[in-house]
Amino acid sequence: MGLISTLTPAAQVQLLYIGYFTRAADAGGDIFWNNAYASLSAQGESQTQILTTLGNDFTAQPQTLENYPFLATTSPLSASNPTEVAAVDSLLVNVYANLFSETVSASDSGLQFWANLLLNNTISLSTAILQIADGATGTGLTALQNKISAATFFTTSTAGASLGLINPTAALLTQSALAVSSVDSTAASLTASETATSDFIAAGGGGSGSTIQILASNLVYNGTTGNDTFLADNTSTGHYNLGAATTIAGGGGIDTLKVYSDGTQAALGYTPSQITGINTLWINNAEAVIVDATGFVGLKSLQLNAPGGTAGGIITTVKLNGQNFVVSNDTPTAPDTFVVNSAVDTTENITVSSVAVTGGAALFDIAGGQVTSATLTGSGSATSHVTIDNAVGGALATLNIGDGPALAVNFDLTDTALKTVDAAADTGTLNVDLSAIPVIPATFAFTGGSGATTLTVTQLQLDTLTAGSQLNGGTATSGNTLDITGAAGALAAHDYAEINGTTGFQTLGFSNVGAGATVDVSQVTAYTNFAYSDSAAGNLLTFDNLAATGDTVSILAGGVGGLSLDGHAAGAVVTLDLGNASSIGISNAGAAEQVTLGVNIGGVDLVSNGSASSTGNFVSFTENAAATASSYTITGGTNLEIASVGNVIATTVVATAFTGNLEIGTGTPGGGLLAPGTSGFNDTYSLGSGASIVVEQTNESAGANKFDTITLAPTHAASTIAYAGVGVAFASGANLELVKSGFDLGQDSVAISGAPNTYSAGDVTGTGFTISSSGLVTAGASNLASFEAGLVAGAATHKGDTIVYTDSTNTYVAEATAVAAGDWHVIELAGVVATHGVSISHGLAIISGCRKARPLELPGGVHALVEKTVGAWPWGPAPAVLKTTRRSRRKRVWTTGGNGTSLRLTTSGRSF
């Protein structure tokens with residue numbers, strides 16, 4: 001296979017420019033020759049026939065004849081004519097240099113092979129050039145490929161800057177030659193060429209012009225040889241500076257006419273035939289008008305800026321005759337409609353920049369039965385939202401997506417004309433939604449680009465296809481999603497066949513599912529990543545037979561229907577990804593996304609991502625009564641709230657790598673994540689660095705002698721440990737949560753039943769305890785066992801009465817879950833020494849005392865163990881200055897330098 005068969009038609013045109021003219025195509029010439037190529041192809045000519053025809057046309061071009069006058073002769077070449085022999089040798093030496101940047105001697109045997117064929121009239125010049133190029137190998141092949149890339153970059157870039165579309169300047173032609181002549185087989189030469197092209201464009205394309213103000217409608221305005229801009233103020237109704245009598249002659253540059261309109265048809269009352277040499281017509285505020293570009297000579301681009309104002313809802317009709325159509329800064333509150341019409345065009349080029357409607361998309365109606373193809377390109381930094389329609393008799397069969405930034409394309413086509421959506425050239429983020437098309441042809445084909453691509457189809461459209469291989473997500477290795485919308489019931493065998501035939505997608509998504517939608521994952525061989533978004537109330541989506549490991553389900557946008565997951569065999573661990581980089585979080589008007597886990601789900605790896613909401617993701621789990629799920633591992637960094645509406649049993653919750661704020665429970669005491677199972681509790685929580693709220697709803701049975709364990713990270717944001725269970729009789733070891741480590745008295749708090757009460761004298765009776773006014777047990781309990789015994793016997797006056805006991809190593813916070821005797825729940829704060837009981841603030845119990853008994857190193861090698869603090873010194877590094885206030889042999893009281901916090905220290909080491 002030679003080089004040419006691997007090239008696109010556009011690249012083949014560039015090859016002709018390089019071989020004949022030693023330059024890249026100017027934008028206008030590129031459009032002309034590519035249209036000629038497309039026309040010959042439509043007539044059924046083969047690639048070889050087309051290139052031969054175009055090559056012969058290139059041979060007859062003035063630039064070719066100027067360089068090689070002997071080609072103008074009508075008589076055959078002769079190998080016996082020394083002048084013609086020398087001319088052919090010279091031409092071929094140039095061809096080798098043009099194509100490969102190689103200097104070849106006229107006596108070279110390879111060159112002479114082609115020279116003899118030309119001189120004996122065996123082949124044409126076009127055939128010789130094409131066959132020489134097609135046979136390239138090694139560094140010559142690499143050099144030619146680089147030259148074609150450099151030429152393509154030059155033509156595309158200058159066209160995007162409206163340079164070279166008509167009457168290319170001498171500066172542009174010079175630069176087009178430099179763009180390829182300087183390129184060889186090295187990557188550095190290609191990069192340097194592209195940089196030089198970008199610099200040329202940034203400098204104005206080699207010819208800075210003038211800004212010319214249109215001040216009176218009956219005058220003649222002439223441009224310069226540079227790139228001029230003509231400005232016309234037609235915003236004052238009844239007094240337009242640009243009118244029917246105005247004459248504008250653009251001159252030799254790439255010129256633009258900017259018309260600032262009052263939004264009426266009258267403001268566009270200029271006479272197109274009197275406006276010449278203008279490359280771009282730019283109109284601001286063309287509301288609900290007809291913009292006719294067909295009467296302009298040489299006009300290459302029609303641009304409408306902010307055409308719909310702020311309200312939108314307008315219908316603007318444009319009539320084109322080969323012009324590129326650009327809409328920019330169209331962001332109204334109601335969608336605008338643009339009817340794109342032409343009496344002659346078979347293809348249209350449409351560019352959108354910052355086109356986004358509140359809650360909708362701008363509608364482009366490709367009208368007229370002769371327009372069968374269009375190219376849609378996104379521009380600017382913001383995602384543009386576009387709907388393509390053909391309601392006015394259009395026959396659009398092919399939509400190409402050009403290279404540009406993020407673009408979202410919907411279709412509202414009323415017939416089956418659309419056969420192809422080709423986005424292979426696009427490198428940006430692309431969303432294409434076909435779901436509004438009632439029926440697509442069986443031969444319909446989609447090709448994505450190299451950026452993240454989402455294609456949305458209906459289940460019926462998928463079934464219509466001859467083969468799933470007609471849907472190709474593109475070349476991106478991640479981020480491509482095939483979204484099936486509106487699926488209902490269980491997928492059938494032919495659905496799975498189509499799905500497994502698709503290529504280029506990494507994720508299989510389902511949105512807006514109908515009742516009973518079920519996906520048997522074991523029948524899906526092409527995907528291991530699955531996604532779900534937005535379903536109606538009551539419409540549950542089920543992913544069944546998930547693999548033991550490796551399958552991921554992402555919730556991209558929460559709905560009210562919910563999601564059900566089950567594994568292929570017991571113990572399956574599913575990865576559940578909440579959101580992604582572009583989603584807004586998993587929340588439905590404040591309600592949690594419901595996720596049901598089947599009997600074979602043994603664990604959940606929960607990833608919280610992508611929320612733009614300050615509240616983050618909100619999800620609730622329900623487990624089958626016979627569920628085996630034993631662990632939830634939480635990672636990510638987006639704030640996460642996990643509520644519960646059903647039987648959720650987890651022995652382990654690991655969130656040590658999670659960096660966001662984590663709320664387990666309903667956010668306030670009264671709900672909870674973990675519910676009781678037949679085997680009791682002993683659940684464990686290991687939390688991360690964010691702020692955590694853990695709300696237990698345990699409903700323990702008396703005497704169960706089970707407890708849950710919570711470990712806070714060594715460094716974490718302010719957290720709350722909460723209990724929301726109902727009142728049951730307390731027994732030693734039951735109704736107990738253990739905060740194993742990490743509780744920080746300087747910031748963390750306890751909340752029980754949602755309404756802890758400030759202790760008052762006499763609130764708790766029958767315990768045998770002496771209780772201080774702050775709720776601290778000061779006598780009557782000598783250890784944990786005696787404290788628990790007192791709780792079993794004692795009763796509170798109010799639900800929520802809270803008392804605190806410390807055994808000098810740990811602290812126990814007990815709150816009455818009811819007013820009956822023995823109805824208590826206890827939270828153990830391991831390693832925390834409370835000294836002043838409890839205070840109530842905003843429904844939270846604030847415990848006072850040391851955060852944790854810990855050694856301090858004092859000056860001079862003296863060591864001490866903190867026994868008590870008075871005040872609120874947030875422990876950290878030892879104070880820089882310590883002062884002795886009282887001396888004794890074994891104990892000393894120290895104060896920090898000025899803040900008054902006092903410590904009682906037991907010291908060891910030398911006395912002083």
# chains A, B, ... in the order shown; residues from 1 in each chain; ligands from 1

call {"tool": "residues_around", "arguments": {"residues": "segment 115-120 of chain A", "least_positions_apart": "3", "cutoff": "6 Å", "atoms": "only C-alpha atoms", "output": "VMD selection string"}}
result
chain A and resid 77 to 79 112 123

call {"tool": "select_by_dssp", "arguments": {"residues": "segment 255-412 of chain A", "states": "strand (DSSP E or B)", "output": "number ranges by chain"}}
result
A: 256-261, 275-276, 280-284, 290-292, 297, 301-305, 312, 315-319, 324-330, 334, 337-341, 347-355, 357, 360, 362-366, 373-379, 384-389, 398-401, 407-412

call {"tool": "write_last_selection", "arguments": {"atoms": "C-alpha atoms", "output": "compact mmCIF listing (two decimals), in the first residue's frame"}}
result
# COMPACT_ATOMS: atom_id res chain seq x y z
CA THR A 256 -14.27 42.78 7.46
CA LEU A 257 -17.50 44.79 7.50
CA LYS A 258 -19.01 45.11 10.99
CA VAL A 259 -22.62 46.26 11.18
CA TYR A 260 -24.12 47.18 14.55
CA SER A 261 -27.87 46.77 14.07
CA ILE A 275 -20.04 46.11 -1.35
CA THR A 276 -16.99 44.39 -2.84
CA THR A 280 -16.36 38.71 6.40
CA LEU A 281 -19.75 40.30 7.10
CA TRP A 282 -20.23 40.56 10.88
CA ILE A 283 -23.63 41.69 12.20
CA ASN A 284 -24.46 42.43 15.82
CA ILE A 290 -33.54 37.73 6.92
CA VAL A 291 -29.81 38.02 6.23
CA ASP A 292 -29.13 37.45 2.55
CA VAL A 297 -19.13 38.93 -4.50
CA SER A 301 -18.01 34.30 6.03
CA LEU A 302 -21.29 35.51 7.54
CA GLN A 303 -21.11 36.03 11.30
CA LEU A 304 -24.04 36.88 13.57
CA ASN A 305 -23.07 38.09 17.02
CA GLY A 312 -34.30 35.04 22.59
CA ILE A 315 -36.27 33.15 14.12
CA THR A 316 -33.48 34.42 11.87
CA THR A 317 -33.16 33.23 8.28
CA VAL A 318 -29.83 33.28 6.50
CA LYS A 319 -29.40 32.75 2.77
CA ASN A 324 -19.22 29.90 6.24
CA PHE A 325 -21.95 30.69 8.79
CA VAL A 326 -20.87 31.69 12.29
CA VAL A 327 -23.06 32.38 15.34
CA SER A 328 -21.40 33.75 18.45
CA ASN A 329 -22.43 34.90 21.93
CA ASP A 330 -26.01 33.70 21.64
CA ALA A 334 -35.29 31.12 25.22
CA THR A 337 -33.85 29.45 15.62
CA PHE A 338 -31.58 29.90 12.61
CA VAL A 339 -32.99 28.78 9.27
CA VAL A 340 -30.00 28.02 7.05
CA ASN A 341 -31.07 28.20 3.44
CA THR A 347 -22.97 21.48 1.95
CA GLU A 348 -22.86 24.11 4.69
CA ASN A 349 -20.18 25.04 7.22
CA ILE A 350 -21.52 26.25 10.57
CA THR A 351 -19.42 27.46 13.49
CA VAL A 352 -20.86 28.17 16.94
CA SER A 353 -19.06 30.05 19.69
CA SER A 354 -20.57 30.49 23.16
CA VAL A 355 -24.01 29.43 22.03
CA VAL A 357 -29.55 28.79 26.05
CA GLY A 360 -32.18 24.54 25.96
CA ALA A 362 -30.07 27.01 19.71
CA LEU A 363 -31.94 25.43 16.81
CA PHE A 364 -30.31 25.28 13.38
CA ASP A 365 -32.80 24.33 10.70
CA ILE A 366 -30.90 23.03 7.66
CA SER A 373 -24.22 17.62 4.33
CA ALA A 374 -23.03 20.11 6.90
CA THR A 375 -19.99 20.62 9.09
CA LEU A 376 -20.62 21.91 12.61
CA THR A 377 -17.66 23.25 14.58
CA GLY A 378 -17.48 24.53 18.13
CA SER A 379 -15.35 27.55 19.00
CA SER A 384 -22.13 25.38 22.91
CA HIS A 385 -25.52 23.66 22.79
CA VAL A 386 -27.06 23.11 19.37
CA THR A 387 -30.08 21.29 17.98
CA ILE A 388 -30.01 20.29 14.31
CA ASP A 389 -33.40 20.22 12.56
CA THR A 398 -24.27 13.77 6.78
CA LEU A 399 -23.19 15.92 9.71
CA ASN A 400 -19.46 16.34 10.23
CA ILE A 401 -18.21 17.69 13.55
CA LEU A 407 -19.98 20.91 21.96
CA ALA A 408 -23.39 19.38 22.72
CA VAL A 409 -25.49 18.43 19.68
CA ASN A 410 -29.11 17.28 19.70
CA PHE A 411 -31.25 16.31 16.73
CA ASP A 412 -34.90 17.03 16.05

call {"tool": "residues_around", "arguments": {"residues": "Asp426 of chain A", "least_positions_apart": "3", "cutoff": "12 Å", "atoms": "only C-alpha atoms", "output": "NGL selection string"}}
result
:A and (375-379 or 400-407 or 421-423 or 429-431 or 447-453 or 473-476)

call {"tool": "residues_around", "arguments": {"residues": "Leu776 of chain A", "least_positions_apart": "5", "cutoff": "9 Å", "atoms": "only C-alpha atoms", "output": "ChimeraX atom specification"}}
result
/A:770-771,803-806,834-838

call {"tool": "residues_around", "arguments": {"residues": "segment 737-743 of chain A", "least_positions_apart": "4", "cutoff": "6 Å", "atoms": "only C-alpha atoms", "output": "NGL selection string"}}
result
:A and (707-714 or 827-830)

call {"tool": "atom_distance", "arguments": {"atom1": "atom CA of Ala97 of chain A", "atom2": "atom CA of Gln12 of chain A"}}
result
18.0 Å

call {"tool": "residues_around", "arguments": {"residues": "Gly550 of chain A", "least_positions_apart": "6", "cutoff": "8 Å", "atoms": "only C-alpha atoms", "output": "list in words"}}
result
Thr528, Val574 and Thr575 of chain A

call {"tool": "select_by_dssp", "arguments": {"residues": "segment 227-466 of chain A", "states": "alpha helix (DSSP H)", "output": "PyMOL selection string"}}
result
chain A and resi 459-464

call {"tool": "write_last_selection", "arguments": {"atoms": "N, CA, C and O atoms", "output": "PDB file, in the first residue's frame"}}
result
ATOM      1  N   GLN A 459     -33.360   2.720  22.846  1.00  0.00           N
ATOM      2  CA  GLN A 459     -33.291   1.277  22.674  1.00  0.00           C
ATOM      3  C   GLN A 459     -33.807   0.882  21.285  1.00  0.00           C
ATOM      4  O   GLN A 459     -33.237   0.005  20.634  1.00  0.00           O
ATOM      5  N   LEU A 460     -34.836   1.557  20.797  1.00  0.00           N
ATOM      6  CA  LEU A 460     -35.369   1.273  19.468  1.00  0.00           C
ATOM      7  C   LEU A 460     -34.346   1.596  18.384  1.00  0.00           C
ATOM      8  O   LEU A 460     -34.178   0.836  17.423  1.00  0.00           O
ATOM      9  N   GLN A 461     -33.653   2.733  18.525  1.00  0.00           N
ATOM     10  CA  GLN A 461     -32.636   3.086  17.538  1.00  0.00           C
ATOM     11  C   GLN A 461     -31.513   2.049  17.515  1.00  0.00           C
ATOM     12  O   GLN A 461     -31.022   1.671  16.445  1.00  0.00           O
ATOM     13  N   LEU A 462     -31.124   1.584  18.674  1.00  0.00           N
ATOM     14  CA  LEU A 462     -30.078   0.564  18.748  1.00  0.00           C
ATOM     15  C   LEU A 462     -30.525  -0.704  18.026  1.00  0.00           C
ATOM     16  O   LEU A 462     -29.753  -1.315  17.275  1.00  0.00           O
ATOM     17  N   ASP A 463     -31.779  -1.081  18.217  1.00  0.00           N
ATOM     18  CA  ASP A 463     -32.305  -2.287  17.575  1.00  0.00           C
ATOM     19  C   ASP A 463     -32.405  -2.138  16.065  1.00  0.00           C
ATOM     20  O   ASP A 463     -32.376  -3.126  15.327  1.00  0.00           O
ATOM     21  N   THR A 464     -32.541  -0.889  15.586  1.00  0.00           N
ATOM     22  CA  THR A 464     -32.699  -0.647  14.149  1.00  0.00           C
ATOM     23  C   THR A 464     -31.420  -0.906  13.371  1.00  0.00           C
ATOM     24  O   THR A 464     -31.455  -1.266  12.193  1.00  0.00           O
TER      25      THR A 464
END

call {"tool": "atom_distance", "arguments": {"atom1": "atom CA of Thr503 of chain A", "atom2": "atom CA of Leu546 of chain A"}}
result
21.1 Å

call {"tool": "residues_around", "arguments": {"residues": "Ser162 of chain A", "least_positions_apart": "3", "cutoff": "10 Å", "atoms": "only C-alpha atoms", "output": "list in words"}}
result
Ala27, Gly28, Thr156, Ser157, Thr158, Ala159, Leu165, Ile166, Ile201, Gly205, Ile254, Asp255, Thr256, Asn279, Thr280, Lys300 and Ser301 of chain A

call {"tool": "decode", "arguments": {"residues": "segment 470-482 of chain A", "atoms": "N, CA, C and O atoms", "output": "PDB file, in the first residue's frame"}}
result
ATOM      1  N   GLN A 470     -21.500  -0.142  13.834  1.00  0.00           N
ATOM      2  CA  GLN A 470     -21.706   1.140  13.161  1.00  0.00           C
ATOM      3  C   GLN A 470     -21.569   2.318  14.129  1.00  0.00           C
ATOM      4  O   GLN A 470     -21.517   3.466  13.688  1.00  0.00           O
ATOM      5  N   LEU A 471     -21.491   2.027  15.411  1.00  0.00           N
ATOM      6  CA  LEU A 471     -21.305   3.071  16.426  1.00  0.00           C
ATOM      7  C   LEU A 471     -19.896   2.956  16.977  1.00  0.00           C
ATOM      8  O   LEU A 471     -19.547   1.978  17.645  1.00  0.00           O
ATOM      9  N   ASN A 472     -19.070   3.976  16.706  1.00  0.00           N
ATOM     10  CA  ASN A 472     -17.678   3.999  17.133  1.00  0.00           C
ATOM     11  C   ASN A 472     -17.447   5.266  17.948  1.00  0.00           C
ATOM     12  O   ASN A 472     -17.592   6.377  17.432  1.00  0.00           O
ATOM     13  N   GLY A 473     -17.074   5.106  19.203  1.00  0.00           N
ATOM     14  CA  GLY A 473     -16.918   6.256  20.094  1.00  0.00           C
ATOM     15  C   GLY A 473     -15.722   7.128  19.800  1.00  0.00           C
ATOM     16  O   GLY A 473     -15.631   8.240  20.319  1.00  0.00           O
ATOM     17  N   GLY A 474     -14.780   6.656  18.995  1.00  0.00           N
ATOM     18  CA  GLY A 474     -13.609   7.464  18.671  1.00  0.00           C
ATOM     19  C   GLY A 474     -12.341   6.864  19.230  1.00  0.00           C
ATOM     20  O   GLY A 474     -12.306   5.719  19.689  1.00  0.00           O
ATOM     21  N   THR A 475     -11.291   7.661  19.232  1.00  0.00           N
ATOM     22  CA  THR A 475      -9.960   7.165  19.589  1.00  0.00           C
ATOM     23  C   THR A 475      -9.562   7.441  21.030  1.00  0.00           C
ATOM     24  O   THR A 475      -8.513   6.978  21.466  1.00  0.00           O
ATOM     25  N   ALA A 476     -10.372   8.198  21.780  1.00  0.00           N
ATOM     26  CA  ALA A 476     -10.036   8.459  23.183  1.00  0.00           C
ATOM     27  C   ALA A 476     -10.029   7.142  23.955  1.00  0.00           C
ATOM     28  O   ALA A 476     -10.896   6.283  23.750  1.00  0.00           O
ATOM     29  N   THR A 477      -9.073   6.970  24.851  1.00  0.00           N
ATOM     30  CA  THR A 477      -8.969   5.723  25.615  1.00  0.00           C
ATOM     31  C   THR A 477      -9.754   5.764  26.906  1.00  0.00           C
ATOM     32  O   THR A 477      -9.810   4.773  27.633  1.00  0.00           O
ATOM     33  N   SER A 478     -10.358   6.896  27.212  1.00  0.00           N
ATOM     34  CA  SER A 478     -11.211   6.998  28.404  1.00  0.00           C
ATOM     35  C   SER A 478     -12.210   8.126  28.176  1.00  0.00           C
ATOM     36  O   SER A 478     -11.985   9.014  27.354  1.00  0.00           O
ATOM     37  N   GLY A 479     -13.311   8.071  28.908  1.00  0.00           N
ATOM     38  CA  GLY A 479     -14.278   9.163  28.865  1.00  0.00           C
ATOM     39  C   GLY A 479     -15.373   9.044  27.839  1.00  0.00           C
ATOM     40  O   GLY A 479     -16.240   9.919  27.762  1.00  0.00           O
ATOM     41  N   ASN A 480     -15.392   7.974  27.031  1.00  0.00           N
ATOM     42  CA  ASN A 480     -16.422   7.813  26.009  1.00  0.00           C
ATOM     43  C   ASN A 480     -17.569   6.970  26.538  1.00  0.00           C
ATOM     44  O   ASN A 480     -17.345   5.869  27.056  1.00  0.00           O
ATOM     45  N   THR A 481     -18.796   7.464  26.379  1.00  0.00           N
ATOM     46  CA  THR A 481     -19.972   6.778  26.915  1.00  0.00           C
ATOM     47  C   THR A 481     -21.023   6.577  25.841  1.00  0.00           C
ATOM     48  O   THR A 481     -21.372   7.506  25.116  1.00  0.00           O
ATOM     49  N   LEU A 482     -21.520   5.348  25.741  1.00  0.00           N
ATOM     50  CA  LEU A 482     -22.716   5.054  24.956  1.00  0.00           C
ATOM     51  C   LEU A 482     -23.879   5.045  25.923  1.00  0.00           C
ATOM     52  O   LEU A 482     -23.957   4.189  26.804  1.00  0.00           O
TER      53      LEU A 482
END
